[in-house]
$ cat target-v1.cif   # mmCIF, N, CA and C atoms
data_run
loop_
_atom_site.label_atom_id
_atom_site.label_comp_id
_atom_site.auth_asym_id
_atom_site.auth_seq_id
_atom_site.Cartn_x
_atom_site.Cartn_y
_atom_site.Cartn_z
N MET U 1 3.82 26.83 -30.15
CA MET U 1 4.78 27.24 -29.16
C MET U 1 5.14 26.05 -28.28
N ALA U 2 6.41 25.80 -28.15
CA ALA U 2 6.87 24.66 -27.35
C ALA U 2 6.72 24.96 -25.87
N ARG U 3 6.38 23.93 -25.12
CA ARG U 3 6.24 24.06 -23.68
C ARG U 3 7.64 24.13 -23.06
N PRO U 4 7.88 25.03 -22.11
CA PRO U 4 9.20 25.11 -21.49
C PRO U 4 9.54 23.80 -20.80
N SER U 5 10.83 23.46 -20.84
CA SER U 5 11.24 22.22 -20.18
C SER U 5 11.21 22.45 -18.68
N GLY U 6 11.05 21.39 -17.98
CA GLY U 6 10.96 21.44 -16.53
C GLY U 6 10.46 20.10 -16.04
N PRO U 7 9.97 20.06 -14.82
CA PRO U 7 9.46 18.78 -14.33
C PRO U 7 8.27 18.33 -15.17
N PRO U 8 8.13 17.03 -15.36
CA PRO U 8 6.99 16.55 -16.14
C PRO U 8 5.67 16.89 -15.46
N ARG U 9 4.67 17.18 -16.27
CA ARG U 9 3.34 17.48 -15.73
C ARG U 9 2.73 16.19 -15.20
N PRO U 10 2.05 16.27 -14.06
CA PRO U 10 1.40 15.06 -13.55
C PRO U 10 0.33 14.57 -14.52
N ARG U 11 0.16 13.26 -14.56
CA ARG U 11 -0.88 12.64 -15.38
C ARG U 11 -1.64 11.67 -14.51
N ALA U 12 -2.93 11.51 -14.78
CA ALA U 12 -3.75 10.60 -13.98
C ALA U 12 -4.91 10.09 -14.82
N ALA U 13 -5.40 8.93 -14.42
CA ALA U 13 -6.60 8.34 -15.02
C ALA U 13 -7.39 7.69 -13.89
N ALA U 14 -8.69 7.60 -14.09
CA ALA U 14 -9.56 6.96 -13.10
C ALA U 14 -10.42 5.92 -13.81
N LEU U 15 -10.48 4.75 -13.19
CA LEU U 15 -11.31 3.65 -13.71
C LEU U 15 -12.43 3.38 -12.73
N ARG U 16 -13.55 2.93 -13.25
CA ARG U 16 -14.67 2.48 -12.42
C ARG U 16 -15.02 1.07 -12.86
N TYR U 17 -15.24 0.20 -11.89
CA TYR U 17 -15.75 -1.13 -12.20
C TYR U 17 -16.84 -1.44 -11.19
N ARG U 18 -18.07 -1.34 -11.65
CA ARG U 18 -19.24 -1.58 -10.80
C ARG U 18 -20.17 -2.54 -11.55
N PRO U 19 -19.98 -3.84 -11.37
CA PRO U 19 -20.81 -4.78 -12.12
C PRO U 19 -22.26 -4.86 -11.64
N GLU U 20 -22.53 -4.31 -10.44
CA GLU U 20 -23.88 -4.40 -9.89
C GLU U 20 -24.76 -3.27 -10.44
N ALA U 21 -26.07 -3.42 -10.25
CA ALA U 21 -27.02 -2.39 -10.67
C ALA U 21 -26.79 -1.15 -9.82
N PRO U 22 -26.97 0.03 -10.30
CA PRO U 22 -27.51 0.39 -11.61
C PRO U 22 -26.46 0.52 -12.70
N PHE U 23 -25.17 0.29 -12.37
CA PHE U 23 -24.11 0.51 -13.36
C PHE U 23 -24.00 -0.62 -14.38
N LEU U 24 -23.94 -1.86 -13.90
CA LEU U 24 -23.85 -3.05 -14.75
C LEU U 24 -22.65 -3.00 -15.70
N ASP U 25 -21.49 -2.55 -15.18
CA ASP U 25 -20.28 -2.52 -16.01
C ASP U 25 -19.86 -3.94 -16.34
N ALA U 26 -19.69 -4.23 -17.62
CA ALA U 26 -19.20 -5.54 -18.06
C ALA U 26 -17.69 -5.63 -17.91
N ALA U 27 -17.03 -4.49 -17.82
CA ALA U 27 -15.57 -4.40 -17.67
C ALA U 27 -15.28 -3.04 -17.04
N PRO U 28 -14.06 -2.85 -16.56
CA PRO U 28 -13.72 -1.52 -16.05
C PRO U 28 -13.91 -0.45 -17.12
N ARG U 29 -14.29 0.72 -16.67
CA ARG U 29 -14.60 1.83 -17.56
C ARG U 29 -13.69 3.01 -17.22
N LEU U 30 -13.15 3.66 -18.25
CA LEU U 30 -12.33 4.85 -18.07
C LEU U 30 -13.27 6.03 -17.82
N VAL U 31 -13.23 6.59 -16.60
CA VAL U 31 -14.17 7.66 -16.26
C VAL U 31 -13.52 9.03 -16.15
N ALA U 32 -12.20 9.09 -16.09
CA ALA U 32 -11.50 10.38 -16.06
C ALA U 32 -10.06 10.18 -16.48
N LYS U 33 -9.50 11.21 -17.11
CA LYS U 33 -8.07 11.21 -17.42
C LYS U 33 -7.66 12.64 -17.68
N GLY U 34 -6.41 12.93 -17.44
CA GLY U 34 -5.94 14.28 -17.69
C GLY U 34 -4.50 14.45 -17.26
N GLN U 35 -4.00 15.65 -17.52
CA GLN U 35 -2.65 15.99 -17.09
C GLN U 35 -2.65 17.39 -16.50
N GLY U 36 -1.59 17.72 -15.81
CA GLY U 36 -1.50 19.03 -15.19
C GLY U 36 -2.52 19.21 -14.08
N LEU U 37 -3.21 20.34 -14.11
CA LEU U 37 -4.19 20.66 -13.06
C LEU U 37 -5.33 19.65 -13.02
N LEU U 38 -5.75 19.15 -14.18
CA LEU U 38 -6.82 18.16 -14.20
C LEU U 38 -6.37 16.87 -13.51
N ALA U 39 -5.15 16.44 -13.76
CA ALA U 39 -4.61 15.25 -13.09
C ALA U 39 -4.55 15.46 -11.58
N GLU U 40 -4.10 16.63 -11.18
CA GLU U 40 -4.03 16.93 -9.75
C GLU U 40 -5.42 16.88 -9.12
N ARG U 41 -6.43 17.35 -9.85
CA ARG U 41 -7.81 17.31 -9.32
C ARG U 41 -8.33 15.88 -9.23
N ILE U 42 -8.03 15.06 -10.24
CA ILE U 42 -8.43 13.65 -10.20
C ILE U 42 -7.84 12.98 -8.97
N LEU U 43 -6.55 13.21 -8.72
CA LEU U 43 -5.89 12.61 -7.56
C LEU U 43 -6.45 13.17 -6.25
N GLU U 44 -6.72 14.45 -6.21
CA GLU U 44 -7.30 15.07 -5.02
C GLU U 44 -8.66 14.45 -4.69
N LEU U 45 -9.50 14.30 -5.69
CA LEU U 45 -10.83 13.70 -5.47
C LEU U 45 -10.70 12.25 -5.01
N ALA U 46 -9.76 11.52 -5.59
CA ALA U 46 -9.55 10.14 -5.16
C ALA U 46 -9.18 10.09 -3.68
N ARG U 47 -8.26 10.94 -3.29
CA ARG U 47 -7.86 10.97 -1.87
C ARG U 47 -9.02 11.35 -0.97
N GLN U 48 -9.80 12.37 -1.37
CA GLN U 48 -10.94 12.81 -0.56
C GLN U 48 -11.96 11.70 -0.35
N HIS U 49 -12.07 10.82 -1.33
CA HIS U 49 -13.08 9.75 -1.27
C HIS U 49 -12.49 8.41 -0.85
N GLY U 50 -11.24 8.42 -0.41
CA GLY U 50 -10.63 7.19 0.09
C GLY U 50 -10.34 6.16 -0.99
N VAL U 51 -10.17 6.61 -2.22
CA VAL U 51 -9.86 5.70 -3.32
C VAL U 51 -8.35 5.48 -3.35
N ALA U 52 -7.94 4.22 -3.34
CA ALA U 52 -6.51 3.90 -3.39
C ALA U 52 -5.93 4.36 -4.73
N ILE U 53 -4.69 4.83 -4.67
CA ILE U 53 -4.01 5.35 -5.85
C ILE U 53 -2.74 4.54 -6.06
N THR U 54 -2.47 4.21 -7.30
CA THR U 54 -1.23 3.52 -7.63
C THR U 54 -0.56 4.22 -8.79
N LYS U 55 0.75 4.08 -8.89
CA LYS U 55 1.50 4.64 -10.01
C LYS U 55 1.79 3.52 -10.99
N ASP U 56 1.36 3.68 -12.21
CA ASP U 56 1.62 2.69 -13.26
C ASP U 56 1.72 3.42 -14.59
N PRO U 57 2.91 3.96 -14.90
CA PRO U 57 3.06 4.75 -16.13
C PRO U 57 2.71 3.98 -17.40
N ASP U 58 2.99 2.68 -17.43
CA ASP U 58 2.67 1.90 -18.63
C ASP U 58 1.17 1.79 -18.83
N LEU U 59 0.44 1.51 -17.76
CA LEU U 59 -1.02 1.42 -17.87
C LEU U 59 -1.60 2.79 -18.22
N LEU U 60 -1.07 3.84 -17.63
CA LEU U 60 -1.53 5.19 -17.95
C LEU U 60 -1.34 5.49 -19.44
N ALA U 61 -0.20 5.12 -19.98
CA ALA U 61 0.06 5.33 -21.41
C ALA U 61 -0.90 4.52 -22.27
N ALA U 62 -1.22 3.30 -21.84
CA ALA U 62 -2.14 2.45 -22.60
C ALA U 62 -3.57 2.99 -22.54
N LEU U 63 -3.94 3.64 -21.44
CA LEU U 63 -5.28 4.20 -21.29
C LEU U 63 -5.43 5.55 -22.01
N ASP U 64 -4.33 6.24 -22.22
CA ASP U 64 -4.36 7.59 -22.76
C ASP U 64 -5.14 7.74 -24.06
N PRO U 65 -4.99 6.86 -25.05
CA PRO U 65 -5.73 7.06 -26.30
C PRO U 65 -7.22 6.70 -26.22
N LEU U 66 -7.65 6.09 -25.12
CA LEU U 66 -9.05 5.66 -25.02
C LEU U 66 -9.97 6.85 -24.77
N GLU U 67 -11.19 6.74 -25.26
CA GLU U 67 -12.20 7.77 -25.01
C GLU U 67 -12.79 7.59 -23.62
N LEU U 68 -13.21 8.70 -23.02
CA LEU U 68 -13.84 8.65 -21.71
C LEU U 68 -15.18 7.93 -21.77
N ASP U 69 -15.55 7.33 -20.64
CA ASP U 69 -16.81 6.62 -20.46
C ASP U 69 -16.94 5.40 -21.36
N ARG U 70 -15.81 4.83 -21.75
CA ARG U 70 -15.79 3.60 -22.54
C ARG U 70 -15.22 2.47 -21.71
N LEU U 71 -15.70 1.26 -21.96
CA LEU U 71 -15.11 0.09 -21.32
C LEU U 71 -13.69 -0.09 -21.85
N ILE U 72 -12.80 -0.57 -20.98
CA ILE U 72 -11.44 -0.80 -21.47
C ILE U 72 -11.47 -1.95 -22.47
N PRO U 73 -10.57 -1.95 -23.45
CA PRO U 73 -10.55 -3.02 -24.45
C PRO U 73 -10.00 -4.32 -23.86
N PRO U 74 -10.38 -5.45 -24.42
CA PRO U 74 -9.95 -6.75 -23.90
C PRO U 74 -8.44 -6.89 -23.75
N GLU U 75 -7.66 -6.25 -24.61
CA GLU U 75 -6.20 -6.41 -24.51
C GLU U 75 -5.62 -5.76 -23.25
N LEU U 76 -6.42 -4.95 -22.55
CA LEU U 76 -5.96 -4.35 -21.29
C LEU U 76 -6.57 -5.02 -20.06
N PHE U 77 -7.42 -6.02 -20.26
CA PHE U 77 -8.09 -6.67 -19.13
C PHE U 77 -7.10 -7.19 -18.09
N GLN U 78 -6.06 -7.91 -18.52
CA GLN U 78 -5.13 -8.51 -17.57
C GLN U 78 -4.41 -7.44 -16.76
N ALA U 79 -3.92 -6.40 -17.42
CA ALA U 79 -3.20 -5.34 -16.71
C ALA U 79 -4.10 -4.63 -15.71
N VAL U 80 -5.32 -4.34 -16.12
CA VAL U 80 -6.25 -3.65 -15.21
C VAL U 80 -6.67 -4.59 -14.08
N ALA U 81 -6.87 -5.86 -14.38
CA ALA U 81 -7.24 -6.82 -13.33
C ALA U 81 -6.15 -6.91 -12.27
N LEU U 82 -4.89 -6.92 -12.68
CA LEU U 82 -3.78 -6.97 -11.72
C LEU U 82 -3.75 -5.70 -10.87
N THR U 83 -3.99 -4.57 -11.50
CA THR U 83 -4.01 -3.30 -10.77
C THR U 83 -5.17 -3.28 -9.78
N LEU U 84 -6.36 -3.68 -10.23
CA LEU U 84 -7.52 -3.69 -9.33
C LEU U 84 -7.31 -4.66 -8.18
N ALA U 85 -6.73 -5.82 -8.45
CA ALA U 85 -6.47 -6.79 -7.37
C ALA U 85 -5.53 -6.19 -6.33
N ALA U 86 -4.49 -5.49 -6.79
CA ALA U 86 -3.57 -4.84 -5.86
C ALA U 86 -4.28 -3.76 -5.05
N LEU U 87 -5.15 -3.01 -5.69
CA LEU U 87 -5.89 -1.97 -4.98
C LEU U 87 -6.85 -2.56 -3.96
N TYR U 88 -7.52 -3.66 -4.33
CA TYR U 88 -8.43 -4.30 -3.38
C TYR U 88 -7.66 -4.80 -2.16
N ARG U 89 -6.46 -5.39 -2.40
CA ARG U 89 -5.64 -5.86 -1.28
C ARG U 89 -5.21 -4.67 -0.41
N ALA U 90 -4.83 -3.57 -1.05
CA ALA U 90 -4.42 -2.37 -0.30
C ALA U 90 -5.58 -1.84 0.53
N ASN U 91 -6.77 -1.86 -0.03
CA ASN U 91 -7.94 -1.37 0.71
C ASN U 91 -8.23 -2.23 1.93
N ARG U 92 -7.83 -3.48 1.88
CA ARG U 92 -8.02 -4.38 3.02
C ARG U 92 -6.81 -4.36 3.96
N GLY U 93 -5.83 -3.52 3.65
CA GLY U 93 -4.65 -3.40 4.51
C GLY U 93 -3.63 -4.49 4.30
N LEU U 94 -3.72 -5.23 3.20
CA LEU U 94 -2.79 -6.32 2.96
C LEU U 94 -1.50 -5.86 2.29
N MET U 95 -1.51 -4.65 1.72
CA MET U 95 -0.30 -4.11 1.09
C MET U 95 -0.03 -2.75 1.71
N PRO U 96 1.20 -2.50 2.16
CA PRO U 96 1.48 -1.23 2.82
C PRO U 96 1.48 -0.03 1.88
N SER U 97 1.85 -0.20 0.63
CA SER U 97 1.97 0.95 -0.26
C SER U 97 1.83 0.52 -1.70
N LEU U 98 1.26 1.40 -2.50
CA LEU U 98 1.17 1.15 -3.94
C LEU U 98 1.89 2.25 -4.70
N GLN U 99 2.91 2.82 -4.11
CA GLN U 99 3.62 3.92 -4.77
C GLN U 99 4.63 3.43 -5.79
N GLU U 100 4.94 2.15 -5.81
CA GLU U 100 5.84 1.59 -6.82
C GLU U 100 5.00 0.93 -7.90
N PRO U 101 5.46 0.99 -9.15
CA PRO U 101 4.71 0.33 -10.23
C PRO U 101 4.55 -1.16 -9.95
N LEU U 102 3.45 -1.70 -10.41
CA LEU U 102 3.18 -3.12 -10.23
C LEU U 102 4.07 -3.95 -11.14
N ASP U 103 4.43 -5.15 -10.67
CA ASP U 103 5.24 -6.05 -11.47
C ASP U 103 4.30 -6.89 -12.34
N ARG U 104 4.33 -6.66 -13.64
CA ARG U 104 3.49 -7.38 -14.58
C ARG U 104 4.11 -7.33 -15.96
N PRO U 105 3.64 -8.18 -16.87
CA PRO U 105 4.20 -8.16 -18.23
C PRO U 105 3.93 -6.84 -18.93
N PRO U 106 4.71 -6.52 -19.98
CA PRO U 106 4.49 -5.28 -20.73
C PRO U 106 3.07 -5.24 -21.30
N LEU U 107 2.56 -4.02 -21.46
CA LEU U 107 1.19 -3.84 -21.93
C LEU U 107 1.14 -3.64 -23.43
N PRO U 108 0.13 -4.22 -24.06
CA PRO U 108 -0.10 -3.87 -25.47
C PRO U 108 -0.80 -2.52 -25.51
N HIS U 109 -0.55 -1.75 -26.53
CA HIS U 109 -1.25 -0.48 -26.68
C HIS U 109 -2.43 -0.70 -27.61
N PRO U 110 -3.63 -0.25 -27.22
CA PRO U 110 -4.80 -0.48 -28.06
C PRO U 110 -4.66 0.27 -29.37
N PRO U 111 -5.29 -0.27 -30.43
CA PRO U 111 -5.23 0.43 -31.71
C PRO U 111 -5.93 1.78 -31.62
N LEU U 112 -5.44 2.73 -32.36
CA LEU U 112 -6.05 4.07 -32.34
C LEU U 112 -7.25 4.13 -33.26
#

$ encode --input "target-v1.cif" --output "structure tokens"
Amino acid sequence: MARPSGPPRPRAAALRYRPEAPFLDAAPRLVAKGQGLLAERILELARQHGVAITKDPDLLAALDPLELDRLIPPELFQAVALTLAALYRANRGLMPSLQEPLDRPPLPHPPL
């Protein structure tokens, strides 16, 4: 059964990068992703915990095929590093808003 047309369902993903103990992440890790109500809950939890949120449809599409609780693949390192750098600056008050997509080169999509 086809889904009725209408506004697009919200989509969201959450990354964690904690290189210190006890996590010892060697790279950012995809810890949540979803659409619809799940995406809304991911965003709600981020807001409740003071986690900066950015809109990046290209990065979201590149993360979509990845399995949860996996490190991001090397081909996404640059895109995620740019996003994390922008978020760190925003957390320090150096950027007023992250509601516009970040300016960066096109992303490669990881192999399925």

$ closest_residue --input "target-v1.cif" --among "U:Ile42, U:Ala14, U:Val31, U:Ile53" --to "U:Ala90" --atoms "only C-alpha atoms"
U:Ile53

$ atom_distance --input "target-v1.cif" --atom1 "atom N of U:Lys55" --atom2 "atom C of U:Pro19"
24.8 Å

$ resolve_selection --input "target-v1.cif" --expression "the PyMOL selection byres (((chain U and resi 63 and name CA) around 9) and name CA)" --output "ChimeraX atom specification"
/U:13,30,33,58-62,64-67,72,76,109-110

$ write_last_selection --input "target-v1.cif" --atoms "N, CA and C atoms" --output "PDB file, in the coordinates of the input"
ATOM      1  N   ALA U  13      -5.400   8.930 -14.420  1.00  0.00           N
ATOM      2  CA  ALA U  13      -6.600   8.340 -15.020  1.00  0.00           C
ATOM      3  C   ALA U  13      -7.390   7.690 -13.890  1.00  0.00           C
ATOM      4  N   LEU U  30     -13.150   3.660 -18.250  1.00  0.00           N
ATOM      5  CA  LEU U  30     -12.330   4.850 -18.070  1.00  0.00           C
ATOM      6  C   LEU U  30     -13.270   6.030 -17.820  1.00  0.00           C
ATOM      7  N   LYS U  33      -9.500  11.210 -17.110  1.00  0.00           N
ATOM      8  CA  LYS U  33      -8.070  11.210 -17.420  1.00  0.00           C
ATOM      9  C   LYS U  33      -7.660  12.640 -17.680  1.00  0.00           C
ATOM     10  N   ASP U  58       2.990   2.680 -17.430  1.00  0.00           N
ATOM     11  CA  ASP U  58       2.670   1.900 -18.630  1.00  0.00           C
ATOM     12  C   ASP U  58       1.170   1.790 -18.830  1.00  0.00           C
ATOM     13  N   LEU U  59       0.440   1.510 -17.760  1.00  0.00           N
ATOM     14  CA  LEU U  59      -1.020   1.420 -17.870  1.00  0.00           C
ATOM     15  C   LEU U  59      -1.600   2.790 -18.220  1.00  0.00           C
ATOM     16  N   LEU U  60      -1.070   3.840 -17.630  1.00  0.00           N
ATOM     17  CA  LEU U  60      -1.530   5.190 -17.950  1.00  0.00           C
ATOM     18  C   LEU U  60      -1.340   5.490 -19.440  1.00  0.00           C
ATOM     19  N   ALA U  61      -0.200   5.120 -19.980  1.00  0.00           N
ATOM     20  CA  ALA U  61       0.060   5.330 -21.410  1.00  0.00           C
ATOM     21  C   ALA U  61      -0.900   4.520 -22.270  1.00  0.00           C
ATOM     22  N   ALA U  62      -1.220   3.300 -21.840  1.00  0.00           N
ATOM     23  CA  ALA U  62      -2.140   2.450 -22.600  1.00  0.00           C
ATOM     24  C   ALA U  62      -3.570   2.990 -22.540  1.00  0.00           C
ATOM     25  N   ASP U  64      -4.330   6.240 -22.220  1.00  0.00           N
ATOM     26  CA  ASP U  64      -4.360   7.590 -22.760  1.00  0.00           C
ATOM     27  C   ASP U  64      -5.140   7.740 -24.060  1.00  0.00           C
ATOM     28  N   PRO U  65      -4.990   6.860 -25.050  1.00  0.00           N
ATOM     29  CA  PRO U  65      -5.730   7.060 -26.300  1.00  0.00           C
ATOM     30  C   PRO U  65      -7.220   6.700 -26.220  1.00  0.00           C
ATOM     31  N   LEU U  66      -7.650   6.090 -25.120  1.00  0.00           N
ATOM     32  CA  LEU U  66      -9.050   5.660 -25.020  1.00  0.00           C
ATOM     33  C   LEU U  66      -9.970   6.850 -24.770  1.00  0.00           C
ATOM     34  N   GLU U  67     -11.190   6.740 -25.260  1.00  0.00           N
ATOM     35  CA  GLU U  67     -12.200   7.770 -25.010  1.00  0.00           C
ATOM     36  C   GLU U  67     -12.790   7.590 -23.620  1.00  0.00           C
ATOM     37  N   ILE U  72     -12.800  -0.570 -20.980  1.00  0.00           N
ATOM     38  CA  ILE U  72     -11.440  -0.800 -21.470  1.00  0.00           C
ATOM     39  C   ILE U  72     -11.470  -1.950 -22.470  1.00  0.00           C
ATOM     40  N   LEU U  76      -6.420  -4.950 -22.550  1.00  0.00           N
ATOM     41  CA  LEU U  76      -5.960  -4.350 -21.290  1.00  0.00           C
ATOM     42  C   LEU U  76      -6.570  -5.020 -20.060  1.00  0.00           C
ATOM     43  N   HIS U 109      -0.550  -1.750 -26.530  1.00  0.00           N
ATOM     44  CA  HIS U 109      -1.250  -0.480 -26.680  1.00  0.00           C
ATOM     45  C   HIS U 109      -2.430  -0.700 -27.610  1.00  0.00           C
ATOM     46  N   PRO U 110      -3.630  -0.250 -27.220  1.00  0.00           N
ATOM     47  CA  PRO U 110      -4.800  -0.480 -28.060  1.00  0.00           C
ATOM     48  C   PRO U 110      -4.660   0.270 -29.370  1.00  0.00           C
TER      49      PRO U 110
END

$ axis_aligned_box --input "target-v1.cif" --around "stretch 38-54 of chain U" --padding-each-side "3 Å" --output "AutoDock Vina command-line options"
--center_x -6.8 --center_y 11.3 --center_z -7.1 --size_x 18.5 --size_y 21.6 --size_z 20.3

$ resolve_selection --input "target-v1.cif" --expression "the PyMOL selection byres (((chain U and resi 16 and name CA) around 10) and name CA)" --output "ChimeraX atom specification"
/U:14-15,17-19,23,25,27-32,69,71,84

$ write_last_selection --input "target-v1.cif" --atoms "N, CA and C atoms" --output "CSV table (one decimal), in the coordinates of the input"
chain,number,residue,atom,x,y,z
U,14,ALA,N,-8.7,7.6,-14.1
U,14,ALA,CA,-9.6,7.0,-13.1
U,14,ALA,C,-10.4,5.9,-13.8
U,15,LEU,N,-10.5,4.8,-13.2
U,15,LEU,CA,-11.3,3.6,-13.7
U,15,LEU,C,-12.4,3.4,-12.7
U,17,TYR,N,-15.2,0.2,-11.9
U,17,TYR,CA,-15.8,-1.1,-12.2
U,17,TYR,C,-16.8,-1.4,-11.2
U,18,ARG,N,-18.1,-1.3,-11.6
U,18,ARG,CA,-19.2,-1.6,-10.8
U,18,ARG,C,-20.2,-2.5,-11.6
U,19,PRO,N,-20.0,-3.8,-11.4
U,19,PRO,CA,-20.8,-4.8,-12.1
U,19,PRO,C,-22.3,-4.9,-11.6
U,23,PHE,N,-25.2,0.3,-12.4
U,23,PHE,CA,-24.1,0.5,-13.4
U,23,PHE,C,-24.0,-0.6,-14.4
U,25,ASP,N,-21.5,-2.6,-15.2
U,25,ASP,CA,-20.3,-2.5,-16.0
U,25,ASP,C,-19.9,-3.9,-16.3
U,27,ALA,N,-17.0,-4.5,-17.8
U,27,ALA,CA,-15.6,-4.4,-17.7
U,27,ALA,C,-15.3,-3.0,-17.0
U,28,PRO,N,-14.1,-2.8,-16.6
U,28,PRO,CA,-13.7,-1.5,-16.0
U,28,PRO,C,-13.9,-0.4,-17.1
U,29,ARG,N,-14.3,0.7,-16.7
U,29,ARG,CA,-14.6,1.8,-17.6
U,29,ARG,C,-13.7,3.0,-17.2
U,30,LEU,N,-13.2,3.7,-18.2
U,30,LEU,CA,-12.3,4.8,-18.1
U,30,LEU,C,-13.3,6.0,-17.8
U,31,VAL,N,-13.2,6.6,-16.6
U,31,VAL,CA,-14.2,7.7,-16.3
U,31,VAL,C,-13.5,9.0,-16.2
U,32,ALA,N,-12.2,9.1,-16.1
U,32,ALA,CA,-11.5,10.4,-16.1
U,32,ALA,C,-10.1,10.2,-16.5
U,69,ASP,N,-15.6,7.3,-20.6
U,69,ASP,CA,-16.8,6.6,-20.5
U,69,ASP,C,-16.9,5.4,-21.4
U,71,LEU,N,-15.7,1.3,-22.0
U,71,LEU,CA,-15.1,0.1,-21.3
U,71,LEU,C,-13.7,-0.1,-21.8
U,84,LEU,N,-6.4,-3.7,-10.2
U,84,LEU,CA,-7.5,-3.7,-9.3
U,84,LEU,C,-7.3,-4.7,-8.2

$ closest_residue --input "target-v1.cif" --among "U:Gln35, U:Ala26, U:Gly50, U:Pro10" --to "U:Pro73" --atoms "only C-alpha atoms"
U:Ala26

$ atom_distance --input "target-v1.cif" --atom1 "atom N of U:Ala86" --atom2 "atom N of U:Pro57"
14.5 Å

$ atom_distance --input "target-v1.cif" --atom1 "atom CA of U:Ala79" --atom2 "atom CA of U:Leu45"
23.4 Å

$ residues_around --input "target-v1.cif" --residues "U:Leu43" --least-positions-apart "3" --cutoff "8 Å" --atoms "all atoms listed in the file" --output "VMD selection string"
chain U and resid 11 to 13 37 to 40 46 to 49 53

$ write_last_selection --input "target-v1.cif" --atoms "N, CA and C atoms" --output "compact mmCIF listing (two decimals), keeping the file's coordinate frame"
# COMPACT_ATOMS: atom_id res chain seq x y z
N ARG U 11 0.16 13.26 -14.56
CA ARG U 11 -0.88 12.64 -15.38
C ARG U 11 -1.64 11.67 -14.51
N ALA U 12 -2.93 11.51 -14.78
CA ALA U 12 -3.75 10.60 -13.98
C ALA U 12 -4.91 10.09 -14.82
N ALA U 13 -5.40 8.93 -14.42
CA ALA U 13 -6.60 8.34 -15.02
C ALA U 13 -7.39 7.69 -13.89
N LEU U 37 -3.21 20.34 -14.11
CA LEU U 37 -4.19 20.66 -13.06
C LEU U 37 -5.33 19.65 -13.02
N LEU U 38 -5.75 19.15 -14.18
CA LEU U 38 -6.82 18.16 -14.20
C LEU U 38 -6.37 16.87 -13.51
N ALA U 39 -5.15 16.44 -13.76
CA ALA U 39 -4.61 15.25 -13.09
C ALA U 39 -4.55 15.46 -11.58
N GLU U 40 -4.10 16.63 -11.18
CA GLU U 40 -4.03 16.93 -9.75
C GLU U 40 -5.42 16.88 -9.12
N ALA U 46 -9.76 11.52 -5.59
CA ALA U 46 -9.55 10.14 -5.16
C ALA U 46 -9.18 10.09 -3.68
N ARG U 47 -8.26 10.94 -3.29
CA ARG U 47 -7.86 10.97 -1.87
C ARG U 47 -9.02 11.35 -0.97
N GLN U 48 -9.80 12.37 -1.37
CA GLN U 48 -10.94 12.81 -0.56
C GLN U 48 -11.96 11.70 -0.35
N HIS U 49 -12.07 10.82 -1.33
CA HIS U 49 -13.08 9.75 -1.27
C HIS U 49 -12.49 8.41 -0.85
N ILE U 53 -4.69 4.83 -4.67
CA ILE U 53 -4.01 5.35 -5.85
C ILE U 53 -2.74 4.54 -6.06
